file protein04.cif (mmCIF, C-alpha atoms)
data_input
loop_
_atom_site.label_atom_id
_atom_site.label_comp_id
_atom_site.auth_asym_id
_atom_site.auth_seq_id
_atom_site.Cartn_x
_atom_site.Cartn_y
_atom_site.Cartn_z
CA MET N 997 18.49 8.66 -8.16
CA MET N 998 15.22 7.59 -9.67
CA SER N 999 12.00 8.85 -8.19
CA ALA N 1000 9.00 6.68 -7.46
CA PRO N 1001 6.63 6.44 -10.42
CA ILE N 1002 3.65 8.75 -10.52
CA LEU N 1003 0.89 7.05 -12.46
CA PRO N 1004 -2.59 8.39 -11.78
CA MET N 1005 -5.06 5.74 -12.76
CA GLN N 1006 -8.47 6.88 -13.93
CA SER N 1007 -10.27 3.65 -14.83
CA ALA N 1008 -11.46 0.56 -13.04
CA ASP N 1009 -10.07 -1.62 -15.83
CA PRO N 1010 -8.55 -4.78 -14.25
CA ALA N 1011 -5.37 -4.24 -16.28
CA SER N 1012 -4.99 -0.87 -14.57
CA VAL N 1013 -5.44 -2.47 -11.16
CA ASP N 1014 -2.77 -5.08 -12.04
CA LEU N 1015 -0.42 -2.25 -13.02
CA ILE N 1016 -0.99 -0.53 -9.68
CA VAL N 1017 -0.23 -3.79 -7.85
CA ALA N 1018 2.99 -4.18 -9.84
CA ILE N 1019 4.03 -0.61 -9.05
CA ALA N 1020 3.34 -1.10 -5.35
CA ALA N 1021 5.42 -4.29 -5.26
CA VAL N 1022 8.59 -2.50 -6.43
CA GLN N 1023 10.60 -0.83 -3.66
CA PRO N 1024 11.36 2.61 -5.09
CA VAL N 1025 14.50 4.61 -4.63
CA TYR N 1026 13.56 7.94 -3.09
CA THR N 1027 15.14 11.28 -3.98
CA ARG N 1028 16.53 13.79 -1.52
CA GLU N 1029 13.56 16.03 -2.28
CA GLN N 1030 11.14 13.22 -1.39
CA GLN N 1031 13.11 12.58 1.80
CA ALA N 1032 12.82 16.27 2.68
CA TRP N 1033 9.03 16.23 2.19
CA MET N 1034 8.73 13.18 4.43
CA ALA N 1035 10.99 14.84 7.02
CA HIS N 1036 8.52 17.74 7.00
CA ALA N 1037 5.67 15.27 7.56
CA LEU N 1038 7.64 13.78 10.48
CA ALA N 1039 8.01 17.24 12.02
CA LEU N 1040 4.22 17.58 11.80
CA ALA N 1041 3.83 14.15 13.42
CA LYS N 1042 5.95 15.37 16.32
CA GLN N 1043 3.60 18.37 16.68
CA ALA N 1044 0.74 15.90 17.00
CA ALA N 1045 2.63 13.98 19.70
CA ALA N 1046 3.35 17.19 21.60
CA SER N 1047 -0.41 17.86 21.55
CA GLY N 1048 -1.21 14.40 22.93
CA GLU N 1049 -2.38 13.08 19.55
CA VAL N 1050 -1.15 9.94 17.80
CA PRO N 1051 1.90 11.20 15.88
CA VAL N 1052 1.00 11.16 12.21
CA GLY N 1053 1.83 14.00 9.83
CA ALA N 1054 0.94 14.60 6.19
CA VAL N 1055 2.08 16.99 3.45
CA LEU N 1056 0.51 17.49 0.01
CA VAL N 1057 3.00 18.62 -2.62
CA HIS N 1058 2.31 19.86 -6.14
CA HIS N 1059 5.20 20.71 -8.46
CA GLY N 1060 7.63 21.25 -5.60
CA GLN N 1061 5.31 23.38 -3.45
CA ILE N 1062 3.37 22.50 -0.31
CA ILE N 1063 -0.31 23.01 -1.03
CA GLY N 1064 -1.63 21.47 2.19
CA GLU N 1065 -0.39 19.95 5.43
CA GLY N 1066 -1.70 18.62 8.68
CA PHE N 1067 -1.25 16.32 11.62
CA ASN N 1068 -3.55 14.00 13.51
CA GLN N 1069 -5.94 16.03 15.65
CA PRO N 1070 -9.21 14.20 16.35
CA ILE N 1071 -8.97 14.93 20.09
CA LEU N 1072 -8.02 18.61 19.69
CA SER N 1073 -10.68 19.27 17.07
CA HIS N 1074 -13.39 17.03 18.57
CA ASP N 1075 -13.59 15.40 15.14
CA PRO N 1076 -13.00 11.65 14.72
CA THR N 1077 -12.26 12.18 11.01
CA ALA N 1078 -9.40 14.64 11.63
CA HIS N 1079 -6.61 12.28 10.60
CA ALA N 1080 -3.45 13.89 9.24
CA GLU N 1081 -4.37 13.09 5.64
CA ILE N 1082 -7.86 14.56 6.00
CA VAL N 1083 -6.51 17.72 7.66
CA ALA N 1084 -3.96 18.10 4.83
CA ILE N 1085 -6.65 17.60 2.15
CA ARG N 1086 -8.92 20.15 3.83
CA ASP N 1087 -6.03 22.61 4.08
CA ALA N 1088 -5.14 22.20 0.40
CA CYS N 1089 -8.74 22.42 -0.80
CA GLN N 1090 -9.32 25.60 1.22
CA ARG N 1091 -6.12 27.18 -0.13
CA LEU N 1092 -7.01 26.18 -3.70
CA ASN N 1093 -10.73 26.92 -3.38
CA ASN N 1094 -11.49 23.54 -4.98
CA TYR N 1095 -12.64 20.16 -3.73
CA ARG N 1096 -10.19 18.37 -6.02
CA LEU N 1097 -6.41 18.42 -5.92
CA PRO N 1098 -4.37 19.46 -8.98
CA ASP N 1099 -3.02 16.72 -11.25
CA ASP N 1100 0.30 15.26 -10.09
CA THR N 1101 -0.29 16.04 -6.40
CA VAL N 1102 1.70 13.77 -4.08
CA LEU N 1103 0.85 13.03 -0.44
CA TYR N 1104 3.69 12.29 1.98
CA VAL N 1105 2.36 10.72 5.17
CA THR N 1106 4.18 9.13 8.08
CA LEU N 1107 1.82 6.14 8.44
CA GLU N 1108 0.01 4.02 5.87
CA PRO N 1109 -3.48 5.51 5.36
CA CYS N 1110 -6.60 3.90 6.82
CA THR N 1111 -9.81 3.10 4.94
CA GLN N 1112 -11.33 6.55 5.58
CA CYS N 1113 -8.23 8.33 4.33
CA VAL N 1114 -7.85 6.16 1.21
CA GLY N 1115 -11.46 7.00 0.32
CA ALA N 1116 -10.84 10.72 0.81
CA LEU N 1117 -7.66 10.54 -1.29
CA VAL N 1118 -9.62 8.88 -4.10
CA HIS N 1119 -12.31 11.58 -3.97
CA ALA N 1120 -9.71 14.37 -3.84
CA ARG N 1121 -7.91 12.81 -6.83
CA VAL N 1122 -4.41 12.57 -5.37
CA ALA N 1123 -1.93 11.18 -7.91
CA GLN N 1124 0.48 9.41 -5.55
CA VAL N 1125 0.83 8.49 -1.89
CA ILE N 1126 4.22 7.93 -0.29
CA TYR N 1127 4.01 6.68 3.27
CA ALA N 1128 6.70 6.00 5.84
CA ALA N 1129 5.62 3.15 8.13
CA ALA N 1130 3.18 0.37 7.36
CA GLU N 1131 0.13 0.08 9.63
CA PRO N 1132 -0.54 -3.65 10.15
CA ARG N 1133 -3.93 -3.24 11.86
CA ALA N 1134 -5.63 -0.49 9.87
CA GLY N 1135 -3.44 0.21 6.84
CA SER N 1136 -5.53 0.11 3.70
CA LEU N 1137 -2.98 0.15 0.89
CA VAL N 1138 -0.82 -2.92 1.60
CA SER N 1139 -1.33 -4.08 5.18
CA ALA N 1140 -4.79 -4.93 6.54
CA ARG N 1141 -6.61 -4.12 3.31
CA GLN N 1142 -5.46 -3.46 -0.25
CA LEU N 1143 -8.19 -1.06 -1.37
CA MET N 1144 -6.46 0.16 -4.52
CA GLN N 1145 -6.47 -3.42 -5.81
CA GLN N 1146 -10.23 -3.92 -5.52
CA GLY N 1147 -11.18 -2.57 -8.94
CA TYR N 1148 -14.27 -0.62 -7.94
CA TYR N 1149 -12.97 2.93 -7.70
CA ASN N 1150 -13.32 5.54 -10.42
CA HIS N 1151 -9.84 6.92 -9.63
CA TYR N 1152 -6.64 5.16 -8.67
CA PHE N 1153 -3.37 6.49 -7.36
CA ALA N 1154 0.17 5.15 -7.26
CA TYR N 1155 1.57 4.38 -3.83
CA SER N 1156 4.76 3.25 -2.17
CA GLY N 1157 6.02 2.93 1.36
CA GLY N 1158 9.12 2.74 3.47
CA LEU N 1159 10.45 6.29 3.09
CA LEU N 1160 11.90 7.17 6.53
CA ALA N 1161 9.97 4.21 7.96
CA ASP N 1162 12.40 3.63 10.83
CA GLU N 1163 12.18 7.24 11.94
CA SER N 1164 8.40 7.28 11.76
CA SER N 1165 8.11 3.96 13.59
CA GLN N 1166 10.38 5.26 16.35
CA VAL N 1167 8.24 8.39 16.83
CA LEU N 1168 5.16 6.15 17.16
CA ARG N 1169 6.89 3.71 19.56
CA ASP N 1170 8.12 6.57 21.75
CA PHE N 1171 4.66 8.11 21.85
CA PHE N 1172 2.90 4.91 22.90
CA LYS N 1173 5.63 4.02 25.40
CA GLN N 1174 5.18 7.44 27.04
CA ARG N 1175 1.40 7.03 27.00
CA ARG N 1176 1.66 3.62 28.75
CA GLN N 1177 4.07 5.04 31.34
CA ASN N 1178 1.73 7.94 32.06
CA ALA N 1179 -1.24 5.59 32.43
CA LYS N 1180 0.75 3.34 34.78
CA ARG N 1181 1.81 6.29 36.94
CA GLN N 1182 -1.74 7.55 37.06
CA SER N 1183 -3.14 4.16 38.10
CA GLU N 1184 -0.42 3.76 40.75
CA SER N 1185 -1.22 7.14 42.26
CA MET N 1186 -4.90 6.28 42.70
CA PRO N 1187 -5.90 5.01 46.16
#

call {"tool": "encode", "arguments": {"input": "protein04.cif", "output": "structure tokens"}}
result
Amino acid sequence: MMSAPILPMQSADPASVDLIVAIAAVQPVYTREQQAWMAHALALAKQAAASGEVPVGAVLVHHGQIIGEGFNQPILSHDPTAHAEIVAIRDACQRLNNYRLPDDTVLYVTLEPCTQCVGALVHARVAQVIYAAAEPRAGSLVSARQLMQQGYYNHYFAYSGGLLADESSQVLRDFFKQRRQNAKRQSESMP
């Protein structure tokens, strides 16, 4: 099987932006190793759900090793920025004692990153993002916004989606269904 291309883009040259768009438009074939990393991110997402957080998990991988991981935890940490991607970046940067990620670092995340997370990934210099499910309301790679196509960043990363998308979407649906049921029960029990 072929792996998704890893093409870190370092310039704001419009030709580079067009190349990124072309890469994103191709549905990659994912390897078993990539599937395993996303399965790990899904396990982290389930930890978030068990903690009452929106189930999103993220894993940063460099040359076959996890260098950072995290799950959504803004409620637990009293930090609105504590999205799974941010937690994983912080974990990796603490482990590496550096504010930048090593070249060729890949992020596996169960939901398309939002604007905040795309910005952090640019600053951290991730090489590639592979996400599971698209996020139609807040996704900032292909859904609501296409930030990597804007041409004003000083770093670009390759990205692709759809790896274990059905599984990730199901975890999210189950979480929100349970949340609605709990809210309904709570409102029915009130006098």

call {"tool": "resolve_selection", "arguments": {"input": "protein04.cif", "expression": "the PyMOL selection byres ((chain N and resi 1035) around 10)", "output": "list in words"}}
result
Glu1029, Gln1030, Gln1031, Ala1032, Trp1033, Met1034, His1036, Ala1037, Leu1038, Ala1039, Leu1040, Ala1041, Gly1053, Val1055, Tyr1104, Val1105, Thr1106, Ala1128, Leu1159, Leu1160, Glu1163 and Ser1164 of chain N

call {"tool": "write_last_selection", "arguments": {"input": "protein04.cif", "atoms": "C-alpha atoms", "output": "PDB file, keeping the file's coordinate frame"}}
result
ATOM      1  CA  GLU N1029      13.560  16.030  -2.280  1.00  0.00           C
ATOM      2  CA  GLN N1030      11.140  13.220  -1.390  1.00  0.00           C
ATOM      3  CA  GLN N1031      13.110  12.580   1.800  1.00  0.00           C
ATOM      4  CA  ALA N1032      12.820  16.270   2.680  1.00  0.00           C
ATOM      5  CA  TRP N1033       9.030  16.230   2.190  1.00  0.00           C
ATOM      6  CA  MET N1034       8.730  13.180   4.430  1.00  0.00           C
ATOM      7  CA  HIS N1036       8.520  17.740   7.000  1.00  0.00           C
ATOM      8  CA  ALA N1037       5.670  15.270   7.560  1.00  0.00           C
ATOM      9  CA  LEU N1038       7.640  13.780  10.480  1.00  0.00           C
ATOM     10  CA  ALA N1039       8.010  17.240  12.020  1.00  0.00           C
ATOM     11  CA  LEU N1040       4.220  17.580  11.800  1.00  0.00           C
ATOM     12  CA  ALA N1041       3.830  14.150  13.420  1.00  0.00           C
ATOM     13  CA  GLY N1053       1.830  14.000   9.830  1.00  0.00           C
ATOM     14  CA  VAL N1055       2.080  16.990   3.450  1.00  0.00           C
ATOM     15  CA  TYR N1104       3.690  12.290   1.980  1.00  0.00           C
ATOM     16  CA  VAL N1105       2.360  10.720   5.170  1.00  0.00           C
ATOM     17  CA  THR N1106       4.180   9.130   8.080  1.00  0.00           C
ATOM     18  CA  ALA N1128       6.700   6.000   5.840  1.00  0.00           C
ATOM     19  CA  LEU N1159      10.450   6.290   3.090  1.00  0.00           C
ATOM     20  CA  LEU N1160      11.900   7.170   6.530  1.00  0.00           C
ATOM     21  CA  GLU N1163      12.180   7.240  11.940  1.00  0.00           C
ATOM     22  CA  SER N1164       8.400   7.280  11.760  1.00  0.00           C
TER      23      SER N1164
END

call {"tool": "residues_around", "arguments": {"input": "protein04.cif", "residues": "range 1129-1145 of chain N", "least_positions_apart": "4", "cutoff": "9 Å", "atoms": "all atoms listed in the file", "output": "number ranges by chain"}}
result
N: 1010, 1013-1014, 1016-1017, 1020, 1105-1115, 1149, 1152-1165

call {"tool": "axis_aligned_box", "arguments": {"input": "protein04.cif", "around": "range 1040-1051 of chain N", "padding_each_side": "4 Å", "output": "JSON"}}
result
{"center_x": 1.8, "center_y": 14.2, "center_z": 17.4, "size_x": 16.3, "size_y": 16.4, "size_z": 19.1}

call {"tool": "atom_distance", "arguments": {"input": "protein04.cif", "atom1": "CA of Gln1182 in chain N", "atom2": "CA of Ala1080 in chain N"}}
result
28.6 Å

call {"tool": "atom_distance", "arguments": {"input": "protein04.cif", "atom1": "CA of Cys1089 in chain N", "atom2": "CA of Gly1066 in chain N"}}
result
12.4 Å

call {"tool": "closest_residue", "arguments": {"input": "protein04.cif", "among": "N:Asp1100, N:Glu1184, N:Glu1049, N:Asp1087", "to": "Val1125 in chain N", "atoms": "only C-alpha atoms"}}
result
N:Asp1100

call {"tool": "atom_distance", "arguments": {"input": "protein04.cif", "atom1": "CA of Pro1051 in chain N", "atom2": "CA of Val1122 in chain N"}}
result
22.2 Å
